[in-house]
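Undergrad: Below is the file coords-v7.cif, which contains mmCIF, C-alpha atoms and all ligand atoms.
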```
data_model
loop_
_atom_site.group_PDB
_atom_site.id
_atom_site.type_symbol
_atom_site.label_atom_id
_atom_site.label_comp_id
_atom_site.auth_asym_id
_atom_site.auth_seq_id
_atom_site.Cartn_x
_atom_site.Cartn_y
_atom_site.Cartn_z
ATOM 1 C CA MET Y 584 0.000 0.000 0.000
ATOM 2 C CA ASN Y 585 1.267 3.426 -0.955
ATOM 3 C CA HIS Y 586 1.129 6.516 1.224
ATOM 4 C CA PRO Y 587 0.463 9.439 -1.113
ATOM 5 C CA ARG Y 588 1.208 12.978 -0.057
ATOM 6 C CA GLN Y 589 -1.828 14.414 1.732
ATOM 7 C CA ASN Y 590 -2.515 17.138 -0.837
ATOM 8 C CA GLU Y 591 -1.960 15.153 -4.029
ATOM 9 C CA ARG Y 592 -4.632 13.186 -5.855
ATOM 10 C CA VAL Y 593 -4.026 9.507 -6.455
ATOM 11 C CA ALA Y 594 -4.794 7.464 -9.566
ATOM 12 C CA TYR Y 595 -4.914 3.771 -10.444
ATOM 13 C CA HIS Y 596 -2.268 2.593 -12.907
ATOM 14 C CA ASN Y 597 -2.066 -1.084 -13.934
ATOM 15 C CA GLY Y 598 -2.906 -2.571 -10.548
ATOM 16 C CA LYS Y 599 -1.480 0.113 -8.232
ATOM 17 C CA ILE Y 600 -2.896 3.265 -6.695
ATOM 18 C CA LEU Y 601 -0.193 5.951 -6.830
ATOM 19 C CA PRO Y 602 0.181 9.707 -6.375
ATOM 20 C CA GLU Y 603 -0.651 11.250 -9.769
ATOM 21 C CA SER Y 604 2.927 12.486 -10.203
ATOM 22 C CA GLU Y 605 4.146 8.864 -10.059
ATOM 23 C CA VAL Y 606 1.820 7.649 -12.826
ATOM 24 C CA LEU Y 607 4.257 7.440 -15.750
ATOM 25 C CA ILE Y 608 3.297 6.064 -19.149
ATOM 26 C CA SER Y 609 5.744 4.936 -21.838
ATOM 27 C CA PHE Y 610 6.201 7.223 -24.845
ATOM 28 C CA ARG Y 611 5.789 4.022 -26.856
ATOM 29 C CA ASP Y 612 2.242 3.607 -25.539
ATOM 30 C CA ARG Y 613 -0.179 3.212 -28.420
ATOM 31 C CA GLY Y 614 -2.620 5.589 -26.788
ATOM 32 C CA PHE Y 615 0.043 8.311 -27.250
ATOM 33 C CA LEU Y 616 1.358 7.109 -30.631
ATOM 34 C CA PHE Y 617 -1.939 6.499 -32.421
ATOM 35 C CA GLY Y 618 -4.815 7.488 -30.114
ATOM 36 C CA ASP Y 619 -5.283 3.696 -29.783
ATOM 37 C CA ALA Y 620 -7.211 3.917 -26.519
ATOM 38 C CA VAL Y 621 -10.692 4.443 -25.120
ATOM 39 C CA PHE Y 622 -12.017 6.269 -22.091
ATOM 40 C CA ASP Y 623 -15.167 7.113 -20.210
ATOM 41 C CA THR Y 624 -16.001 9.747 -17.640
ATOM 42 C CA ALA Y 625 -18.730 9.829 -14.990
ATOM 43 C CA ARG Y 626 -19.298 12.673 -12.521
ATOM 44 C CA THR Y 627 -20.227 12.798 -8.870
ATOM 45 C CA PHE Y 628 -23.205 14.574 -7.339
ATOM 46 C CA ALA Y 629 -22.628 15.435 -3.677
ATOM 47 C CA HIS Y 630 -19.501 13.215 -3.924
ATOM 48 C CA LYS Y 631 -21.430 10.108 -5.120
ATOM 49 C CA PRO Y 632 -20.867 8.786 -8.663
ATOM 50 C CA PHE Y 633 -23.862 9.085 -10.998
ATOM 51 C CA ARG Y 634 -24.671 6.184 -13.352
ATOM 52 C CA LEU Y 635 -21.135 4.788 -13.010
ATOM 53 C CA LYS Y 636 -22.266 1.348 -14.188
ATOM 54 C CA GLU Y 637 -23.740 2.856 -17.388
ATOM 55 C CA HIS Y 638 -20.452 4.686 -18.050
ATOM 56 C CA VAL Y 639 -18.437 1.507 -17.465
ATOM 57 C CA ASP Y 640 -20.793 -0.455 -19.758
ATOM 58 C CA ARG Y 641 -20.220 2.171 -22.475
ATOM 59 C CA LEU Y 642 -16.460 1.908 -21.832
ATOM 60 C CA PHE Y 643 -16.646 -1.853 -22.435
ATOM 61 C CA HIS Y 644 -18.580 -1.294 -25.686
ATOM 62 C CA SER Y 645 -15.804 1.078 -26.815
ATOM 63 C CA LEU Y 646 -13.215 -1.588 -25.840
ATOM 64 C CA ASP Y 647 -15.107 -4.269 -27.787
ATOM 65 C CA TYR Y 648 -15.313 -1.998 -30.841
ATOM 66 C CA LEU Y 649 -11.528 -1.462 -30.749
ATOM 67 C CA ARG Y 650 -10.865 -5.123 -29.799
ATOM 68 C CA ILE Y 651 -8.909 -4.144 -26.689
ATOM 69 C CA ASP Y 652 -8.960 -6.593 -23.772
ATOM 70 C CA PRO Y 653 -8.562 -4.550 -20.570
ATOM 71 C CA GLY Y 654 -7.842 -7.615 -18.410
ATOM 72 C CA LEU Y 655 -10.564 -6.429 -15.997
ATOM 73 C CA THR Y 656 -14.278 -7.095 -15.727
ATOM 74 C CA PRO Y 657 -16.817 -4.252 -15.692
ATOM 75 C CA ALA Y 658 -17.501 -5.014 -11.987
ATOM 76 C CA GLU Y 659 -13.767 -4.746 -11.175
ATOM 77 C CA THR Y 660 -13.593 -1.479 -13.135
ATOM 78 C CA VAL Y 661 -16.504 -0.089 -11.109
ATOM 79 C CA SER Y 662 -14.923 -1.057 -7.807
ATOM 80 C CA ILE Y 663 -11.490 0.360 -8.753
ATOM 81 C CA SER Y 664 -13.234 3.597 -9.800
ATOM 82 C CA GLU Y 665 -15.082 3.763 -6.477
ATOM 83 C CA GLU Y 666 -11.845 3.221 -4.576
ATOM 84 C CA VAL Y 667 -9.961 5.926 -6.513
ATOM 85 C CA LEU Y 668 -12.828 8.324 -5.880
ATOM 86 C CA ALA Y 669 -12.985 7.514 -2.157
ATOM 87 C CA ARG Y 670 -9.246 8.146 -1.817
ATOM 88 C CA ASN Y 671 -9.485 11.586 -3.447
ATOM 89 C CA LEU Y 672 -12.656 12.979 -1.879
ATOM 90 C CA HIS Y 673 -10.883 14.674 1.033
ATOM 91 C CA LEU Y 674 -9.148 16.949 -1.496
ATOM 92 C CA ILE Y 675 -12.265 18.821 -2.685
ATOM 93 C CA ASP Y 676 -14.774 21.084 -0.946
ATOM 94 C CA LYS Y 677 -18.083 19.663 0.221
ATOM 95 C CA GLU Y 678 -19.816 21.814 -2.428
ATOM 96 C CA ASP Y 679 -17.658 20.665 -5.363
ATOM 97 C CA ASP Y 680 -17.602 17.453 -7.368
ATOM 98 C CA TYR Y 681 -15.310 15.246 -9.447
ATOM 99 C CA TRP Y 682 -15.060 13.822 -12.917
ATOM 100 C CA LEU Y 683 -14.170 10.123 -12.532
ATOM 101 C CA THR Y 684 -12.416 8.713 -15.616
ATOM 102 C CA GLN Y 685 -11.195 5.323 -16.818
ATOM 103 C CA ARG Y 686 -8.650 5.278 -19.682
ATOM 104 C CA ILE Y 687 -7.486 2.077 -21.345
ATOM 105 C CA SER Y 688 -4.953 1.904 -24.183
ATOM 106 C CA ARG Y 689 -3.705 -1.105 -26.132
ATOM 107 C CA GLY Y 690 -0.427 -0.649 -24.250
ATOM 108 C CA PRO Y 691 3.146 -0.132 -25.476
ATOM 109 C CA LEU Y 692 3.939 -0.837 -29.143
ATOM 110 C CA SER Y 693 6.201 -3.879 -29.513
ATOM 111 C CA LEU Y 694 9.630 -3.213 -31.025
ATOM 112 C CA ASP Y 695 8.674 -5.112 -34.211
ATOM 113 C CA ARG Y 696 5.924 -2.461 -34.610
ATOM 114 C CA ASP Y 697 3.173 -5.047 -35.077
ATOM 115 C CA THR Y 698 0.184 -2.731 -34.592
ATOM 116 C CA ALA Y 699 -2.233 -5.670 -34.426
ATOM 117 C CA ALA Y 700 -0.257 -7.535 -31.716
ATOM 118 C CA VAL Y 701 -2.028 -8.127 -28.420
ATOM 119 C CA GLY Y 702 0.042 -6.466 -25.725
ATOM 120 C CA LYS Y 703 -0.514 -5.603 -22.091
ATOM 121 C CA PRO Y 704 -3.070 -2.792 -21.897
ATOM 122 C CA THR Y 705 -2.410 0.409 -19.987
ATOM 123 C CA VAL Y 706 -5.211 1.043 -17.497
ATOM 124 C CA ILE Y 707 -5.646 4.371 -15.702
ATOM 125 C CA VAL Y 708 -8.452 5.454 -13.380
ATOM 126 C CA GLU Y 709 -8.322 9.075 -12.266
ATOM 127 C CA CYS Y 710 -10.325 11.960 -10.788
ATOM 128 C CA GLN Y 711 -10.383 15.619 -11.726
ATOM 129 C CA PRO Y 712 -12.384 18.434 -10.081
ATOM 130 C CA LEU Y 713 -15.235 19.640 -12.342
ATOM 131 C CA PRO Y 714 -14.491 23.035 -13.958
ATOM 132 C CA LEU Y 715 -17.473 24.633 -12.204
ATOM 133 C CA LYS Y 716 -16.100 28.184 -12.191
ATOM 134 C CA ALA Y 717 -15.005 28.154 -15.837
ATOM 135 C CA ARG Y 718 -18.400 26.923 -17.037
ATOM 136 C CA ALA Y 719 -20.692 28.811 -14.611
ATOM 137 C CA LYS Y 720 -21.568 31.669 -16.969
ATOM 138 C CA ASN Y 721 -23.079 29.197 -19.453
ATOM 139 C CA PHE Y 722 -25.858 28.521 -16.945
ATOM 140 C CA ARG Y 723 -26.558 32.260 -16.522
ATOM 141 C CA ASP Y 724 -26.267 33.359 -20.175
ATOM 142 C CA GLY Y 725 -26.736 30.194 -22.216
ATOM 143 C CA ILE Y 726 -24.141 28.591 -24.494
ATOM 144 C CA GLU Y 727 -23.201 30.273 -27.791
ATOM 145 C CA VAL Y 728 -23.047 27.423 -30.292
ATOM 146 C CA VAL Y 729 -21.084 27.831 -33.515
ATOM 147 C CA VAL Y 730 -21.231 25.196 -36.254
ATOM 148 C CA PRO Y 731 -17.732 24.877 -37.783
ATOM 149 C CA PRO Y 732 -16.927 23.739 -41.346
ATOM 150 C CA THR Y 733 -15.193 20.518 -40.162
ATOM 151 C CA ARG Y 734 -17.614 17.581 -40.103
ATOM 152 C CA ARG Y 735 -17.981 14.868 -37.458
ATOM 153 C CA THR Y 736 -16.345 11.567 -38.464
ATOM 154 C CA PRO Y 737 -18.889 9.494 -40.421
ATOM 155 C CA PRO Y 738 -19.882 6.177 -38.810
ATOM 156 C CA ASP Y 739 -18.495 4.183 -41.758
ATOM 157 C CA SER Y 740 -15.010 5.660 -41.085
ATOM 158 C CA PHE Y 741 -14.952 5.390 -37.299
ATOM 159 C CA SER Y 742 -18.092 5.055 -35.230
ATOM 160 C CA PRO Y 743 -18.813 8.175 -33.149
ATOM 161 C CA ARG Y 744 -20.576 5.767 -30.772
ATOM 162 C CA ALA Y 745 -17.164 4.676 -29.423
ATOM 163 C CA LYS Y 746 -15.439 7.027 -26.980
ATOM 164 C CA SER Y 747 -11.849 6.854 -28.178
ATOM 165 C CA HIS Y 748 -8.744 8.944 -27.525
ATOM 166 C CA ASN Y 749 -9.037 10.481 -30.997
ATOM 167 C CA TYR Y 750 -10.972 13.762 -30.758
ATOM 168 C CA LEU Y 751 -9.106 15.477 -33.582
ATOM 169 C CA ASN Y 752 -11.993 16.432 -35.844
ATOM 170 C CA MET Y 753 -13.854 17.877 -32.852
ATOM 171 C CA ILE Y 754 -10.700 19.702 -31.706
ATOM 172 C CA ILE Y 755 -10.296 21.272 -35.170
ATOM 173 C CA GLY Y 756 -14.002 22.161 -35.094
ATOM 174 C CA ASP Y 757 -13.520 23.816 -31.697
ATOM 175 C CA HIS Y 758 -10.598 25.895 -33.001
ATOM 176 C CA GLU Y 759 -12.659 26.962 -36.022
ATOM 177 C CA ALA Y 760 -15.623 27.931 -33.837
ATOM 178 C CA ARG Y 761 -13.496 29.831 -31.306
ATOM 179 C CA ALA Y 762 -11.722 31.785 -34.052
ATOM 180 C CA LEU Y 763 -15.160 33.211 -34.897
ATOM 181 C CA ASN Y 764 -16.342 33.635 -31.299
ATOM 182 C CA PRO Y 765 -13.966 33.037 -28.372
ATOM 183 C CA ASN Y 766 -16.910 31.971 -26.162
ATOM 184 C CA ALA Y 767 -18.293 29.484 -28.688
ATOM 185 C CA TRP Y 768 -18.955 25.816 -28.158
ATOM 186 C CA ALA Y 769 -18.652 23.926 -31.439
ATOM 187 C CA VAL Y 770 -21.405 21.564 -32.558
ATOM 188 C CA LEU Y 771 -20.311 19.727 -35.694
ATOM 189 C CA LEU Y 772 -22.474 18.638 -38.612
ATOM 190 C CA ASP Y 773 -22.458 15.029 -39.741
ATOM 191 C CA HIS Y 774 -21.420 14.081 -43.276
ATOM 192 C CA SER Y 775 -24.919 14.798 -44.654
ATOM 193 C CA GLY Y 776 -25.085 18.297 -43.172
ATOM 194 C CA ASN Y 777 -27.279 17.452 -40.180
ATOM 195 C CA LEU Y 778 -26.358 18.466 -36.650
ATOM 196 C CA ALA Y 779 -24.258 15.833 -34.894
ATOM 197 C CA GLU Y 780 -22.516 16.724 -31.621
ATOM 198 C CA GLY Y 781 -19.909 18.813 -29.855
ATOM 199 C CA MET Y 782 -16.535 17.804 -28.444
ATOM 200 C CA GLY Y 783 -18.084 16.636 -25.219
ATOM 201 C CA SER Y 784 -21.798 17.181 -25.606
ATOM 202 C CA ASN Y 785 -25.012 16.132 -27.339
ATOM 203 C CA ILE Y 786 -27.516 18.661 -28.668
ATOM 204 C CA PHE Y 787 -31.292 18.866 -28.262
ATOM 205 C CA LEU Y 788 -33.820 21.258 -29.840
ATOM 206 C CA VAL Y 789 -37.351 22.028 -28.713
ATOM 207 C CA ARG Y 790 -39.648 22.646 -31.719
ATOM 208 C CA ASP Y 791 -43.419 22.951 -31.272
ATOM 209 C CA GLY Y 792 -43.329 21.244 -27.877
ATOM 210 C CA LYS Y 793 -41.327 18.279 -29.205
ATOM 211 C CA LEU Y 794 -37.772 17.367 -28.199
ATOM 212 C CA LEU Y 795 -35.443 16.549 -31.114
ATOM 213 C CA THR Y 796 -31.950 15.079 -30.984
ATOM 214 C CA PRO Y 797 -29.686 13.441 -33.619
ATOM 215 C CA SER Y 798 -29.918 9.673 -33.761
ATOM 216 C CA GLU Y 799 -27.372 7.468 -32.029
ATOM 217 C CA ARG Y 800 -25.692 6.242 -35.241
ATOM 218 C CA PHE Y 801 -24.026 9.655 -35.697
ATOM 219 C CA VAL Y 802 -23.130 10.591 -32.105
ATOM 220 C CA LEU Y 803 -21.816 9.279 -28.843
ATOM 221 C CA PRO Y 804 -24.818 7.893 -26.942
ATOM 222 C CA GLY Y 805 -24.393 10.298 -24.044
ATOM 223 C CA ILE Y 806 -25.427 9.053 -20.620
ATOM 224 C CA SER Y 807 -26.853 12.539 -19.948
ATOM 225 C CA ARG Y 808 -28.629 12.387 -23.342
ATOM 226 C CA ALA Y 809 -30.216 9.070 -22.284
ATOM 227 C CA THR Y 810 -31.130 10.583 -18.904
ATOM 228 C CA VAL Y 811 -32.894 13.533 -20.583
ATOM 229 C CA ILE Y 812 -34.775 11.222 -22.973
ATOM 230 C CA GLU Y 813 -35.874 9.105 -19.983
ATOM 231 C CA LEU Y 814 -37.015 12.223 -18.047
ATOM 232 C CA ALA Y 815 -38.852 13.644 -21.075
ATOM 233 C CA LYS Y 816 -40.774 10.393 -21.440
ATOM 234 C CA LYS Y 817 -41.721 10.509 -17.738
ATOM 235 C CA LEU Y 818 -42.866 14.141 -18.093
ATOM 236 C CA GLY Y 819 -44.926 13.351 -21.209
ATOM 237 C CA ILE Y 820 -42.731 15.488 -23.496
ATOM 238 C CA PRO Y 821 -42.542 13.829 -26.933
ATOM 239 C CA VAL Y 822 -38.988 12.960 -28.067
ATOM 240 C CA ALA Y 823 -37.706 12.085 -31.546
ATOM 241 C CA GLU Y 824 -34.216 10.894 -32.514
ATOM 242 C CA GLN Y 825 -33.941 12.110 -36.096
ATOM 243 C CA GLU Y 826 -32.062 14.173 -38.669
ATOM 244 C CA ILE Y 827 -31.904 17.839 -37.614
ATOM 245 C CA ASP Y 828 -30.613 20.497 -39.986
ATOM 246 C CA LEU Y 829 -29.789 24.183 -39.539
ATOM 247 C CA TYR Y 830 -33.329 25.187 -40.588
ATOM 248 C CA ASP Y 831 -34.632 23.152 -37.631
ATOM 249 C CA ALA Y 832 -32.038 24.795 -35.370
ATOM 250 C CA TYR Y 833 -32.700 28.401 -36.446
ATOM 251 C CA THR Y 834 -36.468 27.956 -36.096
ATOM 252 C CA ALA Y 835 -36.354 26.119 -32.737
ATOM 253 C CA GLN Y 836 -37.945 27.699 -29.650
ATOM 254 C CA GLU Y 837 -35.301 26.235 -27.320
ATOM 255 C CA ALA Y 838 -32.022 24.346 -27.500
ATOM 256 C CA PHE Y 839 -29.695 22.812 -24.925
ATOM 257 C CA LEU Y 840 -26.556 20.708 -24.672
ATOM 258 C CA THR Y 841 -26.171 17.659 -22.454
ATOM 259 C CA SER Y 842 -22.949 16.258 -21.027
ATOM 260 C CA THR Y 843 -21.695 14.595 -17.890
ATOM 261 C CA SER Y 844 -20.321 17.837 -16.472
ATOM 262 C CA LEU Y 845 -23.108 20.193 -17.657
ATOM 263 C CA CYS Y 846 -25.928 17.671 -17.236
ATOM 264 C CA LEU Y 847 -28.199 19.965 -19.236
ATOM 265 C CA CYS Y 848 -27.300 23.561 -20.121
ATOM 266 C CA PRO Y 849 -29.350 25.992 -22.234
ATOM 267 C CA VAL Y 850 -28.141 27.281 -25.603
ATOM 268 C CA ARG Y 851 -28.496 31.025 -26.189
ATOM 269 C CA SER Y 852 -27.633 31.183 -29.890
ATOM 270 C CA ILE Y 853 -26.584 29.074 -32.870
ATOM 271 C CA ASN Y 854 -24.235 30.797 -35.362
ATOM 272 C CA GLY Y 855 -25.297 34.114 -33.796
ATOM 273 C CA ALA Y 856 -29.035 33.478 -34.319
ATOM 274 C CA LEU Y 857 -30.781 33.820 -30.958
ATOM 275 C CA ILE Y 858 -32.851 30.821 -29.916
ATOM 276 C CA GLY Y 859 -36.118 31.756 -28.190
ATOM 277 C CA GLU Y 860 -34.979 35.417 -28.223
ATOM 278 C CA GLY Y 861 -31.959 34.398 -26.185
ATOM 279 C CA LYS Y 862 -33.918 34.049 -22.914
ATOM 280 C CA VAL Y 863 -32.604 31.061 -20.967
ATOM 281 C CA PRO Y 864 -33.658 28.610 -19.804
ATOM 282 C CA GLY Y 865 -36.805 28.160 -21.943
ATOM 283 C CA PRO Y 866 -39.818 26.492 -20.292
ATOM 284 C CA VAL Y 867 -39.221 22.939 -21.572
ATOM 285 C CA THR Y 868 -35.485 23.163 -20.793
ATOM 286 C CA LYS Y 869 -36.361 24.353 -17.273
ATOM 287 C CA ARG Y 870 -38.805 21.478 -16.692
ATOM 288 C CA LEU Y 871 -36.199 18.948 -17.801
ATOM 289 C CA SER Y 872 -33.444 20.632 -15.811
ATOM 290 C CA ASP Y 873 -35.605 20.600 -12.644
ATOM 291 C CA ALA Y 874 -36.364 16.916 -13.198
ATOM 292 C CA TYR Y 875 -32.629 16.200 -13.704
ATOM 293 C CA VAL Y 876 -31.820 18.042 -10.459
ATOM 294 C CA ALA Y 877 -34.450 15.957 -8.622
ATOM 295 C CA LEU Y 878 -33.103 12.697 -10.079
ATOM 296 C CA ALA Y 879 -29.470 13.581 -9.307
ATOM 297 C CA GLY Y 880 -30.366 14.766 -5.795
ATOM 298 C CA CYS Y 881 -28.094 17.761 -6.371
ATOM 299 C CA ASP Y 882 -28.924 21.229 -7.692
ATOM 300 C CA PHE Y 883 -26.169 21.348 -10.313
ATOM 301 C CA VAL Y 884 -27.473 24.687 -11.663
ATOM 302 C CA ALA Y 885 -27.039 26.323 -8.245
ATOM 303 C CA GLN Y 886 -23.683 24.534 -7.907
ATOM 304 C CA TYR Y 887 -22.450 26.241 -11.103
ATOM 305 C CA LEU Y 888 -24.056 29.646 -10.405
ATOM 306 C CA ARG Y 889 -22.490 29.781 -6.935
ATOM 307 C CA HIS Y 890 -19.116 30.115 -8.662
ATOM 308 C CA LEU Y 891 -20.121 33.402 -10.341
ATOM 309 C CA SER Y 892 -19.971 35.434 -7.145
HETATM 310 N N1 LIG R 1 -20.378 13.466 -27.389
HETATM 311 C C1 LIG R 1 -19.052 13.360 -27.208
HETATM 312 C C2 LIG R 1 -18.155 13.296 -28.390
HETATM 313 C C3 LIG R 1 -18.523 13.307 -25.900
HETATM 314 O O1 LIG R 1 -17.206 13.202 -25.700
HETATM 315 C C4 LIG R 1 -19.403 13.398 -24.796
HETATM 316 C C5 LIG R 1 -18.843 13.380 -23.391
HETATM 317 N N2 LIG R 1 -18.652 12.082 -22.929
HETATM 318 C C6 LIG R 1 -20.778 13.494 -25.036
HETATM 319 C C7 LIG R 1 -21.234 13.525 -26.349
HETATM 320 C C8 LIG R 1 -21.771 13.522 -23.893
HETATM 321 O O2 LIG R 1 -21.833 12.257 -23.288
HETATM 322 P P1 LIG R 1 -22.146 12.103 -21.724
HETATM 323 O O3 LIG R 1 -23.480 12.706 -21.496
HETATM 324 O O4 LIG R 1 -22.121 10.639 -21.478
HETATM 325 O O5 LIG R 1 -21.058 12.848 -21.014
#
```
As a first step, turn the structure in this file into structure tokens.
Ligand code: PMP

TA:
Amino acid sequence: MNHPRQNERVAYHNGKILPESEVLISFRDRGFLFGDAVFDTARTFAHKPFRLKEHVDRLFHSLDYLRIDPGLTPAETVSISEEVLARNLHLIDKEDDYWLTQRISRGPLSLDRDTAAVGKPTVIVECQPLPLKARAKNFRDGIEVVVPPTRRTPPDSFSPRAKSHNYLNMIIGDHEARALNPNAWAVLLDHSGNLAEGMGSNIFLVRDGKLLTPSERFVLPGISRATVIELAKKLGIPVAEQEIDLYDAYTAQEAFLTSTSLCLCPVRSINGALIGEGKVPGPVTKRLSDAYVALAGCDFVAQYLRHLS
């Protein structure tokens, strides 16, 4: 058993829990060389992980898609994640929360450079405080979405349903969007010109009382996206997973993004066009946000807004 310094977070690395500064990964690791790795990230509410099992199940789907054997079962991955979290909780305020992430690469590349060889995977489980302060103003003002020219990877090239270590087309999209508006969050189009997703978020529109979101084939099936769909069904709000184009977006009454950290955060504008006159949150967004708060048992909106003062 290791005795980490009191003020340093610890992380799991291939069977050991170590201070973060002692987690060292080979420069020959295929996650670094090729992005040959997958990850998943849950968050805590009031220091308890939310839907950790669902995140770990999605992680194992990503592993299956990439044919990486992590050498761990989903149940072991959950219990390692819970242990890493428990050992880091004393380092954040009662009011704050963590991201809890598992990262698994195919391990170091063998010297004969056989990229298909089965090696020993690199497994990391780590925590990071949520960026509550940096993102707080999005809950007050709404997110300014910009749709960049770079398109989301089509599913017949690499399925967006897998959460891999290759975010490059979304990173380029983010740079393009921020060059136009430094506050922008990019939401990329798919190959057919329909809205797909952002670097770490799914998008929803509210049009004529109906909730619309792109179908799962073109986007990561967000756990928060699934949570919102589940809540909408409970509240009797009709939901459709379908193609959504910019006409739908510009004529929507409301829009919001979902992600593990944001949960659900209103959108103020898309490419500078105000949604619902820019008043956030709209009524349907507010109903869903209140239901999400009740389900999570934590007022995440208040948690963000507290950081504005
Ligand atoms: N799309 C992408 C590409 C993402 O990286 C994320 C963040 N995991 C999401 C959508 C939102 O998914 P979730 O609600 O599970 O965080």

Undergrad: Using all atoms listed in the file, pick whichever of Y:Met782, Y:Leu888, Y:Leu788, Y:Ala658 has the shortest atom-to-atom distance to ligand LIG 1 (chain R).

TA: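 Closest residue, counting all atoms listed in the file: Y:Met782.
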
Undergrad: With distances taken over only C-alpha atoms and all ligand atoms, which residue among Y:Arg723, Y:Arg689, Y:Arg641, Y:Lys869 lies nearest ligand LIG 1 (chain R)?

TA: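 Under the stated criterion, the closest residue is Y:Arg641.
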
Undergrad: Please write the residues picked by the PyMOL selection byres (((not hetatm)) within 9 of (chain R and resi 1)) on this file as a PyMOL selection string.

TA: chain Y and resi 622-626+637-638+641+743-747+750+753+779-786+802-810+840-847

Undergrad: Identify all residues satisfying the PyMOL selection byres (((chain Y and resi 818) around 12) and not hetatm) in the given file; provide them as a list in words.

TA: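 For this structure, the PyMOL selection byres (((chain Y and resi 818) around 12) and not hetatm) resolves to Lys793, Leu794, Val811, Ile812, Glu813, Leu814, Ala815, Lys816, Lys817, Gly819, Ile820, Pro821, Val822, Val867, Thr868, Arg870, Leu871, Ser872, Asp873, Ala874 and Tyr875 of chain Y.
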
Undergrad: Give as a compact mmCIF listing (two decimals) with C-alpha atoms, in the frame of the given file the residues that the PyMOL selection byres (((chain Y and resi 609) around 10) and not hetatm) matches when applied to the coordinates above.

TA:
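Okay, this is what ended up in result-v3.txt:
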```txt
# COMPACT_ATOMS: atom_id res chain seq x y z
CA LEU Y 607 4.26 7.44 -15.75
CA ILE Y 608 3.30 6.06 -19.15
CA PHE Y 610 6.20 7.22 -24.84
CA ARG Y 611 5.79 4.02 -26.86
CA ASP Y 612 2.24 3.61 -25.54
CA ARG Y 613 -0.18 3.21 -28.42
CA GLY Y 614 -2.62 5.59 -26.79
CA PHE Y 615 0.04 8.31 -27.25
CA GLY Y 690 -0.43 -0.65 -24.25
CA PRO Y 691 3.15 -0.13 -25.48
CA LEU Y 692 3.94 -0.84 -29.14
CA THR Y 705 -2.41 0.41 -19.99
```

Undergrad: With a distance cut-off of 10 Å and only C-alpha atoms, select the neighbouring residues of Y:Arg851, excluding the residue or stretch itself and same-chain residues fewer than 3 positions from it, and output the selection as a PyMOL selection string.

TA: chain Y and resi 721-728+837-839+848+855-865

Undergrad: In Å, with one decimal, what is the gap from atom CA of Y:Pro712 to atom CA of Y:Asp680?

TA: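 Atom CA of Y:Asp680 lies at a distance of 6.0 Å from atom CA of Y:Pro712.
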
Undergrad: Between Y:Ala835, Y:Ile754, Y:Ala760, Y:Ile707, which one has atoms that come closest to Y:Pro731, using all atoms listed in the file?

TA: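 Nearest to Y:Pro731: Y:Ala760.
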
Undergrad: What gap, in Å, lies between atom CA of Y:Asn597 and atom CA of Y:Val706?

TA: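 Between atom CA of Y:Asn597 and atom CA of Y:Val706 the gap works out to 5.2 Å.
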
Undergrad: Out of Y:Thr736, Y:Asn777, Y:Gln886, Y:Ser645, which residue has the shortest atom-to-atom distance to Y:Ser798 when counting all atoms listed in the file?

TA: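 The closest residue to Y:Ser798 is Y:Asn777.
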
Undergrad: Any chance you could work out the axis-aligned box around stretch 846-853 of chain Y, listed atoms only, 5 Å on each side, giving centre and edge lengths in Å to one decimal, as lines of an AutoDock Vina configuration file?

TA:
```
center_x = -27.6
center_y = 24.4
center_z = -25.1
size_x = 13.4
size_y = 23.5
size_z = 25.6
```

Undergrad: Would you kindly return, as an MDAnalysis selection string, each protein, DNA or RNA residue with an atom no farther than 12 Å from any atom of Y:Val606, considering only C-alpha atoms and excluding same-chain residues fewer than 4 positions away?

TA: chainID Y and resid 587 592:602 705:709

Undergrad: For Y:Leu763, please output as number ranges by chain all residues within 12 Å (counting all atoms listed in the file; exclusion window: fewer than 4 positions along the same chain).

TA: Y: 727-732, 756-759, 767-769, 854-855

Undergrad: Using only C-alpha atoms, determine which residues lie at most 10 Å from Y:Ala629, disregarding the query and same-chain residues fewer than 6 positions distant; provide the list as a ChimeraX atom specification.

TA: /Y:677-681,879-883

Undergrad: Can you write just those residues out, C-alpha atoms, as a JSON list (two decimals), keeping the file's coordinate frame?

TA:
```json
[["chain", "number", "residue", "atom", "x", "y", "z"],
["Y", 677, "LYS", "CA", -18.08, 19.66, 0.22],
["Y", 678, "GLU", "CA", -19.82, 21.81, -2.43],
["Y", 679, "ASP", "CA", -17.66, 20.66, -5.36],
["Y", 680, "ASP", "CA", -17.60, 17.45, -7.37],
["Y", 681, "TYR", "CA", -15.31, 15.25, -9.45],
["Y", 879, "ALA", "CA", -29.47, 13.58, -9.31],
["Y", 880, "GLY", "CA", -30.37, 14.77, -5.80],
["Y", 881, "CYS", "CA", -28.09, 17.76, -6.37],
["Y", 882, "ASP", "CA", -28.92, 21.23, -7.69],
["Y", 883, "PHE", "CA", -26.17, 21.35, -10.31]]
```
